[in-house]
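*Asks:* Enclosed is the structure file start-v3.cif (mmCIF, N, CA and C atoms).
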data_upload
#
loop_
_atom_site.label_atom_id
_atom_site.label_comp_id
_atom_site.auth_asym_id
_atom_site.auth_seq_id
_atom_site.Cartn_x
_atom_site.Cartn_y
_atom_site.Cartn_z
N MET F 1 -13.56 -12.01 4.27
CA MET F 1 -12.50 -11.45 5.08
C MET F 1 -11.61 -10.55 4.22
N LYS F 2 -11.42 -9.33 4.68
CA LYS F 2 -10.57 -8.40 3.95
C LYS F 2 -9.12 -8.62 4.32
N ASN F 3 -8.27 -8.37 3.36
CA ASN F 3 -6.83 -8.39 3.58
C ASN F 3 -6.34 -6.96 3.66
N TYR F 4 -5.17 -6.79 4.23
CA TYR F 4 -4.54 -5.48 4.36
C TYR F 4 -3.21 -5.48 3.62
N TRP F 5 -2.93 -4.35 2.98
CA TRP F 5 -1.72 -4.22 2.16
C TRP F 5 -1.10 -2.83 2.38
N ILE F 6 0.17 -2.72 2.05
CA ILE F 6 0.84 -1.42 1.99
C ILE F 6 1.41 -1.27 0.59
N VAL F 7 1.14 -0.13 -0.04
CA VAL F 7 1.82 0.23 -1.29
C VAL F 7 2.65 1.48 -1.01
N LYS F 8 3.84 1.49 -1.58
CA LYS F 8 4.77 2.58 -1.30
C LYS F 8 5.00 3.42 -2.56
N GLN F 9 5.12 4.70 -2.34
CA GLN F 9 5.38 5.62 -3.45
C GLN F 9 6.11 6.84 -2.90
N GLU F 10 7.06 7.32 -3.66
CA GLU F 10 7.73 8.56 -3.27
C GLU F 10 6.78 9.71 -3.57
N PRO F 11 6.52 10.56 -2.56
CA PRO F 11 5.54 11.63 -2.75
C PRO F 11 5.94 12.63 -3.84
N GLU F 12 7.23 12.73 -4.12
CA GLU F 12 7.67 13.64 -5.19
C GLU F 12 7.26 13.11 -6.56
N SER F 13 7.09 11.79 -6.68
CA SER F 13 6.68 11.16 -7.94
C SER F 13 5.17 11.05 -8.07
N TYR F 14 4.53 10.59 -7.00
CA TYR F 14 3.07 10.41 -7.00
C TYR F 14 2.63 10.39 -5.55
N SER F 15 2.00 11.45 -5.12
CA SER F 15 1.64 11.61 -3.72
C SER F 15 0.20 11.19 -3.45
N TRP F 16 -0.11 11.10 -2.17
CA TRP F 16 -1.49 10.85 -1.74
C TRP F 16 -2.41 11.93 -2.33
N ALA F 17 -1.96 13.17 -2.30
CA ALA F 17 -2.77 14.27 -2.85
C ALA F 17 -3.04 14.06 -4.35
N ASP F 18 -2.04 13.60 -5.10
CA ASP F 18 -2.23 13.30 -6.52
C ASP F 18 -3.27 12.20 -6.70
N PHE F 19 -3.14 11.17 -5.89
CA PHE F 19 -4.04 10.01 -5.92
C PHE F 19 -5.49 10.44 -5.66
N VAL F 20 -5.67 11.27 -4.64
CA VAL F 20 -7.00 11.74 -4.28
C VAL F 20 -7.56 12.63 -5.39
N LYS F 21 -6.73 13.51 -5.91
CA LYS F 21 -7.16 14.42 -6.98
C LYS F 21 -7.65 13.64 -8.20
N GLU F 22 -6.95 12.55 -8.53
CA GLU F 22 -7.34 11.72 -9.68
C GLU F 22 -8.52 10.81 -9.37
N GLY F 23 -8.80 10.58 -8.10
CA GLY F 23 -9.91 9.71 -7.71
C GLY F 23 -9.59 8.23 -7.81
N GLY F 24 -8.33 7.92 -8.06
CA GLY F 24 -7.91 6.52 -8.18
C GLY F 24 -6.83 6.40 -9.23
N THR F 25 -6.26 5.20 -9.32
CA THR F 25 -5.19 4.98 -10.29
C THR F 25 -5.04 3.50 -10.61
N LYS F 26 -4.40 3.25 -11.73
CA LYS F 26 -3.95 1.91 -12.06
C LYS F 26 -2.57 1.78 -11.42
N TRP F 27 -2.38 0.80 -10.53
CA TRP F 27 -1.09 0.63 -9.86
C TRP F 27 -0.22 -0.22 -10.78
N THR F 28 0.57 0.45 -11.60
CA THR F 28 1.38 -0.20 -12.64
C THR F 28 2.87 -0.02 -12.34
N GLY F 29 3.68 -0.67 -13.15
CA GLY F 29 5.12 -0.45 -13.09
C GLY F 29 5.87 -1.28 -12.07
N VAL F 30 5.19 -2.19 -11.39
CA VAL F 30 5.86 -3.03 -10.40
C VAL F 30 6.67 -4.09 -11.14
N ARG F 31 7.98 -4.12 -10.89
CA ARG F 31 8.86 -5.07 -11.59
C ARG F 31 9.70 -5.89 -10.62
N ASN F 32 9.14 -6.20 -9.49
CA ASN F 32 9.76 -7.07 -8.50
C ASN F 32 8.83 -8.27 -8.36
N TYR F 33 9.37 -9.48 -8.42
CA TYR F 33 8.52 -10.68 -8.41
C TYR F 33 7.70 -10.81 -7.13
N GLN F 34 8.31 -10.54 -5.98
CA GLN F 34 7.57 -10.67 -4.72
C GLN F 34 6.44 -9.64 -4.66
N ALA F 35 6.73 -8.39 -5.07
CA ALA F 35 5.70 -7.35 -5.09
C ALA F 35 4.60 -7.71 -6.09
N ARG F 36 4.98 -8.26 -7.24
CA ARG F 36 4.00 -8.70 -8.24
C ARG F 36 3.08 -9.77 -7.67
N ASN F 37 3.66 -10.73 -6.95
CA ASN F 37 2.86 -11.79 -6.34
C ASN F 37 1.87 -11.20 -5.34
N ASN F 38 2.30 -10.16 -4.64
CA ASN F 38 1.40 -9.49 -3.70
C ASN F 38 0.26 -8.80 -4.44
N LEU F 39 0.56 -8.15 -5.56
CA LEU F 39 -0.51 -7.54 -6.37
C LEU F 39 -1.49 -8.62 -6.84
N GLN F 40 -0.97 -9.77 -7.25
CA GLN F 40 -1.83 -10.85 -7.73
C GLN F 40 -2.76 -11.36 -6.63
N ALA F 41 -2.33 -11.26 -5.39
CA ALA F 41 -3.12 -11.77 -4.27
C ALA F 41 -4.19 -10.79 -3.79
N MET F 42 -4.12 -9.55 -4.25
CA MET F 42 -5.10 -8.55 -3.81
C MET F 42 -6.49 -8.88 -4.35
N LYS F 43 -7.49 -8.67 -3.50
CA LYS F 43 -8.88 -8.91 -3.87
C LYS F 43 -9.67 -7.61 -3.81
N LYS F 44 -10.68 -7.52 -4.65
CA LYS F 44 -11.54 -6.34 -4.66
C LYS F 44 -12.07 -6.08 -3.26
N GLY F 45 -11.95 -4.84 -2.80
CA GLY F 45 -12.40 -4.46 -1.48
C GLY F 45 -11.33 -4.52 -0.40
N ASP F 46 -10.18 -5.15 -0.69
CA ASP F 46 -9.10 -5.19 0.29
C ASP F 46 -8.67 -3.78 0.67
N VAL F 47 -8.22 -3.63 1.91
CA VAL F 47 -7.74 -2.34 2.42
C VAL F 47 -6.27 -2.18 2.04
N VAL F 48 -5.94 -1.02 1.50
CA VAL F 48 -4.58 -0.72 1.07
C VAL F 48 -4.14 0.57 1.73
N PHE F 49 -3.01 0.52 2.42
CA PHE F 49 -2.46 1.73 3.03
C PHE F 49 -1.44 2.34 2.09
N PHE F 50 -1.57 3.65 1.89
CA PHE F 50 -0.71 4.41 0.99
C PHE F 50 0.44 4.97 1.81
N TYR F 51 1.65 4.53 1.50
CA TYR F 51 2.85 4.88 2.26
C TYR F 51 3.72 5.82 1.44
N HIS F 52 4.04 6.97 2.02
CA HIS F 52 5.00 7.88 1.38
C HIS F 52 6.40 7.45 1.78
N SER F 53 7.17 6.97 0.82
CA SER F 53 8.54 6.57 1.10
C SER F 53 9.45 7.79 0.96
N GLY F 54 10.73 7.56 0.79
CA GLY F 54 11.66 8.68 0.62
C GLY F 54 11.84 9.47 1.90
N SER F 55 11.67 10.77 1.81
CA SER F 55 11.93 11.64 2.95
C SER F 55 10.86 11.56 4.04
N GLU F 56 9.63 11.16 3.69
CA GLU F 56 8.55 11.16 4.68
C GLU F 56 8.47 9.89 5.52
N LYS F 57 8.53 8.72 4.88
CA LYS F 57 8.46 7.43 5.57
C LYS F 57 7.28 7.33 6.54
N ARG F 58 6.07 7.39 5.96
CA ARG F 58 4.88 7.30 6.79
C ARG F 58 3.67 6.89 5.97
N ILE F 59 2.75 6.20 6.65
CA ILE F 59 1.47 5.84 6.02
C ILE F 59 0.58 7.06 6.13
N VAL F 60 0.06 7.51 4.99
CA VAL F 60 -0.72 8.76 4.98
C VAL F 60 -2.18 8.58 4.62
N GLY F 61 -2.54 7.44 4.03
CA GLY F 61 -3.92 7.29 3.60
C GLY F 61 -4.36 5.85 3.49
N GLN F 62 -5.68 5.70 3.43
CA GLN F 62 -6.32 4.39 3.25
C GLN F 62 -7.00 4.37 1.90
N ALA F 63 -6.76 3.30 1.16
CA ALA F 63 -7.38 3.11 -0.15
C ALA F 63 -8.02 1.72 -0.16
N LYS F 64 -8.60 1.37 -1.30
CA LYS F 64 -9.11 0.00 -1.44
C LYS F 64 -8.89 -0.46 -2.87
N VAL F 65 -8.89 -1.77 -3.03
CA VAL F 65 -8.74 -2.37 -4.35
C VAL F 65 -10.08 -2.28 -5.06
N ALA F 66 -10.10 -1.63 -6.21
CA ALA F 66 -11.32 -1.48 -6.99
C ALA F 66 -11.40 -2.52 -8.11
N ARG F 67 -10.23 -2.98 -8.58
CA ARG F 67 -10.18 -4.00 -9.64
C ARG F 67 -8.99 -4.90 -9.36
N GLU F 68 -9.25 -6.18 -9.37
CA GLU F 68 -8.18 -7.16 -9.13
C GLU F 68 -7.22 -7.22 -10.30
N ASN F 69 -6.16 -7.95 -10.12
CA ASN F 69 -5.03 -7.94 -11.07
C ASN F 69 -5.42 -8.27 -12.51
N TYR F 70 -4.73 -7.58 -13.38
CA TYR F 70 -4.87 -7.74 -14.83
C TYR F 70 -3.50 -7.42 -15.44
N PRO F 71 -3.27 -7.76 -16.70
CA PRO F 71 -1.96 -7.51 -17.29
C PRO F 71 -1.59 -6.01 -17.23
N ASP F 72 -0.38 -5.74 -16.78
CA ASP F 72 0.10 -4.37 -16.65
C ASP F 72 0.29 -3.77 -18.05
N PRO F 73 -0.46 -2.72 -18.39
CA PRO F 73 -0.34 -2.13 -19.72
C PRO F 73 1.00 -1.44 -19.97
N THR F 74 1.78 -1.20 -18.92
CA THR F 74 3.09 -0.55 -19.10
C THR F 74 4.22 -1.56 -19.27
N ALA F 75 3.93 -2.85 -19.11
CA ALA F 75 4.97 -3.88 -19.19
C ALA F 75 5.27 -4.27 -20.62
N GLU F 76 6.55 -4.43 -20.92
CA GLU F 76 6.96 -4.88 -22.24
C GLU F 76 7.01 -6.40 -22.32
N GLU F 77 7.06 -7.05 -21.15
CA GLU F 77 7.08 -8.52 -21.08
C GLU F 77 5.79 -9.00 -20.44
N PRO F 78 5.33 -10.20 -20.81
CA PRO F 78 4.14 -10.74 -20.15
C PRO F 78 4.44 -11.14 -18.71
N GLY F 79 3.38 -11.29 -17.92
CA GLY F 79 3.53 -11.79 -16.56
C GLY F 79 3.45 -10.73 -15.48
N TRP F 80 3.57 -9.47 -15.86
CA TRP F 80 3.48 -8.39 -14.87
C TRP F 80 2.03 -7.94 -14.78
N VAL F 81 1.61 -7.56 -13.57
CA VAL F 81 0.21 -7.22 -13.36
C VAL F 81 0.05 -5.84 -12.74
N ALA F 82 -1.16 -5.34 -12.83
CA ALA F 82 -1.55 -4.08 -12.20
C ALA F 82 -2.86 -4.33 -11.47
N VAL F 83 -3.20 -3.42 -10.56
CA VAL F 83 -4.51 -3.40 -9.91
C VAL F 83 -5.00 -1.96 -9.94
N ASP F 84 -6.30 -1.79 -9.81
CA ASP F 84 -6.85 -0.44 -9.70
C ASP F 84 -7.13 -0.15 -8.23
N LEU F 85 -6.68 1.01 -7.79
CA LEU F 85 -6.89 1.45 -6.42
C LEU F 85 -7.67 2.75 -6.40
N VAL F 86 -8.51 2.91 -5.38
CA VAL F 86 -9.24 4.17 -5.18
C VAL F 86 -9.02 4.63 -3.75
N PRO F 87 -8.92 5.94 -3.55
CA PRO F 87 -8.73 6.45 -2.19
C PRO F 87 -10.00 6.29 -1.36
N VAL F 88 -9.82 6.06 -0.07
CA VAL F 88 -10.93 6.00 0.87
C VAL F 88 -10.88 7.24 1.76
N LYS F 89 -9.76 7.42 2.47
CA LYS F 89 -9.60 8.62 3.29
C LYS F 89 -8.16 8.77 3.74
N ALA F 90 -7.79 10.01 3.99
CA ALA F 90 -6.48 10.30 4.56
C ALA F 90 -6.50 9.86 6.02
N LEU F 91 -5.38 9.40 6.52
CA LEU F 91 -5.29 9.11 7.94
C LEU F 91 -5.29 10.43 8.70
N PRO F 92 -6.18 10.60 9.67
CA PRO F 92 -6.18 11.83 10.46
C PRO F 92 -4.81 12.07 11.12
N ARG F 93 -4.14 10.96 11.41
CA ARG F 93 -2.82 11.03 12.02
C ARG F 93 -1.92 10.05 11.26
N PRO F 94 -1.00 10.56 10.39
CA PRO F 94 -0.10 9.65 9.67
C PRO F 94 0.69 8.76 10.64
N VAL F 95 0.98 7.55 10.20
CA VAL F 95 1.71 6.58 11.01
C VAL F 95 3.13 6.48 10.45
N THR F 96 4.11 6.87 11.25
CA THR F 96 5.49 6.92 10.77
C THR F 96 6.17 5.56 10.84
N LEU F 97 7.20 5.40 10.03
CA LEU F 97 8.00 4.19 10.06
C LEU F 97 8.64 4.02 11.44
N GLU F 98 9.04 5.10 12.04
CA GLU F 98 9.62 5.05 13.39
C GLU F 98 8.64 4.43 14.39
N GLU F 99 7.38 4.85 14.32
CA GLU F 99 6.35 4.27 15.20
C GLU F 99 6.16 2.79 14.91
N ILE F 100 6.13 2.45 13.64
CA ILE F 100 5.93 1.06 13.24
C ILE F 100 7.06 0.19 13.77
N LYS F 101 8.29 0.66 13.63
CA LYS F 101 9.44 -0.11 14.11
C LYS F 101 9.44 -0.25 15.63
N ALA F 102 8.87 0.72 16.33
CA ALA F 102 8.84 0.69 17.80
C ALA F 102 7.69 -0.15 18.36
N ASP F 103 6.72 -0.48 17.53
CA ASP F 103 5.53 -1.21 17.97
C ASP F 103 5.74 -2.71 17.75
N LYS F 104 5.69 -3.48 18.82
CA LYS F 104 5.95 -4.93 18.74
C LYS F 104 4.99 -5.67 17.81
N SER F 105 3.80 -5.15 17.59
CA SER F 105 2.84 -5.85 16.73
C SER F 105 3.28 -5.83 15.26
N PHE F 106 4.25 -4.98 14.92
CA PHE F 106 4.72 -4.89 13.53
C PHE F 106 6.08 -5.56 13.31
N LYS F 107 6.61 -6.26 14.31
CA LYS F 107 8.00 -6.73 14.24
C LYS F 107 8.30 -7.63 13.04
N ASP F 108 7.32 -8.35 12.54
CA ASP F 108 7.57 -9.29 11.45
C ASP F 108 7.08 -8.83 10.08
N ILE F 109 6.60 -7.60 9.95
CA ILE F 109 6.05 -7.20 8.66
C ILE F 109 7.17 -6.89 7.66
N LEU F 110 6.86 -7.05 6.39
CA LEU F 110 7.86 -6.84 5.34
C LEU F 110 8.33 -5.39 5.25
N LEU F 111 7.48 -4.45 5.59
CA LEU F 111 7.90 -3.05 5.56
C LEU F 111 9.13 -2.84 6.44
N VAL F 112 9.20 -3.57 7.53
CA VAL F 112 10.35 -3.48 8.45
C VAL F 112 11.49 -4.38 8.00
N ARG F 113 11.17 -5.59 7.57
CA ARG F 113 12.20 -6.58 7.21
C ARG F 113 12.78 -6.38 5.81
N ASN F 114 11.98 -5.88 4.87
CA ASN F 114 12.42 -5.70 3.49
C ASN F 114 11.91 -4.34 3.01
N SER F 115 12.59 -3.31 3.42
CA SER F 115 12.11 -1.94 3.19
C SER F 115 12.08 -1.55 1.72
N ARG F 116 12.71 -2.31 0.84
CA ARG F 116 12.73 -1.97 -0.58
C ARG F 116 11.49 -2.47 -1.33
N LEU F 117 10.71 -3.33 -0.71
CA LEU F 117 9.55 -3.92 -1.37
C LEU F 117 8.42 -2.90 -1.49
N SER F 118 7.91 -2.69 -2.70
CA SER F 118 6.92 -1.63 -2.93
C SER F 118 5.48 -2.02 -2.64
N VAL F 119 5.19 -3.31 -2.57
CA VAL F 119 3.85 -3.79 -2.26
C VAL F 119 4.01 -4.93 -1.27
N SER F 120 3.39 -4.79 -0.09
CA SER F 120 3.57 -5.84 0.91
C SER F 120 2.28 -6.06 1.71
N PRO F 121 2.10 -7.28 2.21
CA PRO F 121 0.90 -7.61 2.97
C PRO F 121 1.05 -7.24 4.44
N LEU F 122 -0.08 -7.08 5.09
CA LEU F 122 -0.16 -6.94 6.54
C LEU F 122 -1.15 -7.97 7.03
N GLY F 123 -0.92 -8.50 8.21
CA GLY F 123 -1.90 -9.38 8.84
C GLY F 123 -3.07 -8.56 9.36
N MET F 124 -4.13 -9.25 9.73
CA MET F 124 -5.32 -8.60 10.26
C MET F 124 -4.98 -7.73 11.47
N GLU F 125 -4.19 -8.28 12.39
CA GLU F 125 -3.81 -7.54 13.60
C GLU F 125 -3.04 -6.25 13.25
N GLN F 126 -2.11 -6.36 12.32
CA GLN F 126 -1.33 -5.18 11.93
C GLN F 126 -2.18 -4.15 11.19
N GLY F 127 -3.08 -4.62 10.33
CA GLY F 127 -3.97 -3.70 9.62
C GLY F 127 -4.85 -2.93 10.58
N GLU F 128 -5.41 -3.64 11.55
CA GLU F 128 -6.25 -2.98 12.55
C GLU F 128 -5.43 -2.01 13.40
N ARG F 129 -4.18 -2.37 13.66
CA ARG F 129 -3.31 -1.48 14.45
C ARG F 129 -2.99 -0.20 13.68
N VAL F 130 -2.77 -0.29 12.36
CA VAL F 130 -2.55 0.92 11.56
C VAL F 130 -3.78 1.82 11.65
N LEU F 131 -4.97 1.24 11.52
CA LEU F 131 -6.20 2.03 11.61
C LEU F 131 -6.30 2.71 12.97
N GLU F 132 -5.93 1.99 14.03
CA GLU F 132 -5.98 2.55 15.38
C GLU F 132 -4.97 3.70 15.53
N LEU F 133 -3.72 3.46 15.12
CA LEU F 133 -2.70 4.51 15.22
C LEU F 133 -3.02 5.71 14.34
N GLY F 134 -3.62 5.44 13.18
CA GLY F 134 -3.98 6.51 12.25
C GLY F 134 -5.27 7.22 12.62
N GLN F 135 -5.89 6.77 13.70
CA GLN F 135 -7.12 7.35 14.23
C GLN F 135 -8.30 7.25 13.29
N ILE F 136 -8.39 6.08 12.64
CA ILE F 136 -9.56 5.78 11.81
C ILE F 136 -10.41 4.80 12.59
N LYS F 137 -11.65 5.14 12.80
CA LYS F 137 -12.56 4.30 13.59
C LYS F 137 -13.07 3.16 12.76
#
Re-express the file's structure as structure tokens.
*Replies:*
Amino acid sequence: MKNYWIVKQEPESYSWADFVKEGGTKWTGVRNYQARNNLQAMKKGDVVFFYHSGSEKRIVGQAKVARENYPDPTAEEPGWVAVDLVPVKALPRPVTLEEIKADKSFKDILLVRNSRLSVSPLGMEQGERVLELGQIK
């Protein structure tokens, strides 16, 4: 069973286009305990939605976990982890935060309840709903 996740990034710092151009990335630099725990829970093959935060506030692409958690090479202290992500495809239709907030199936997700969290889980129903709204078959 695949899990669904959202990772957030400001497009001015690292955009979906940058991610696609590189063909993947090490998702490093997470220094929030709850977000770290979410990275630790990611499994190879899990679906990850790439969310542009800041001025855009929308899910723009689908990625997957290529390598499960390992020590974050950018951390000065032990205990922080990274995962490797690879792009799968851009959403034909980006899914905005406004749409997510208006859709009852997303009422309990962390993206809505804790907007500062950079890595958060989605349930199966919510993950499938993002794919539907984003027009991915």
*Asks:* Could you list, as a PyMOL selection string, every residue within 9 Å of Lys2 (chain F), counting only C-alpha atoms and ignoring same-chain residues fewer than 6 positions away?
*Replies:* chain F and resi 43-47+124
*Asks:* Given all atoms listed in the file as the basis, pick out the residue of F:Phe19, F:Pro121, F:Arg116, F:Ser13 nearest to Asn38 (chain F).
*Replies:*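 Selected residue with least distance to Asn38 (chain F): F:Pro121.
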*Asks:* Set the distance at 8 Å and use only N, CA and C atoms: which residues neighbour region 66-80 of chain F once local chain neighbours fewer than 3 positions away are removed? I'd like the list as JSON, numbers by chain.
*Replies:* {"F": [27, 28, 29, 30, 31, 36, 39, 40, 41, 42, 43, 44, 45, 46, 63, 83, 84, 85, 86]}
*Asks:* What does the structure give for the distance between CA of Val7 (chain F) and CA of Lys101 (chain F), in Å to one decimal?
*Replies:*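 About the pair CA of Val7 (chain F) and CA of Lys101 (chain F): they are 17.2 Å apart.
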*Asks:* Please measure the separation of atom C of Gly23 (chain F) and atom N of Val88 (chain F), giving the value in Å to one decimal.
*Replies:* 8.0 Å
*Asks:* Between atom C of Glu132 (chain F) and atom N of Thr25 (chain F), measure the distance and give it in Å to one decimal.
*Replies:*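 Computing it gives 24.9 Å between the two atoms.
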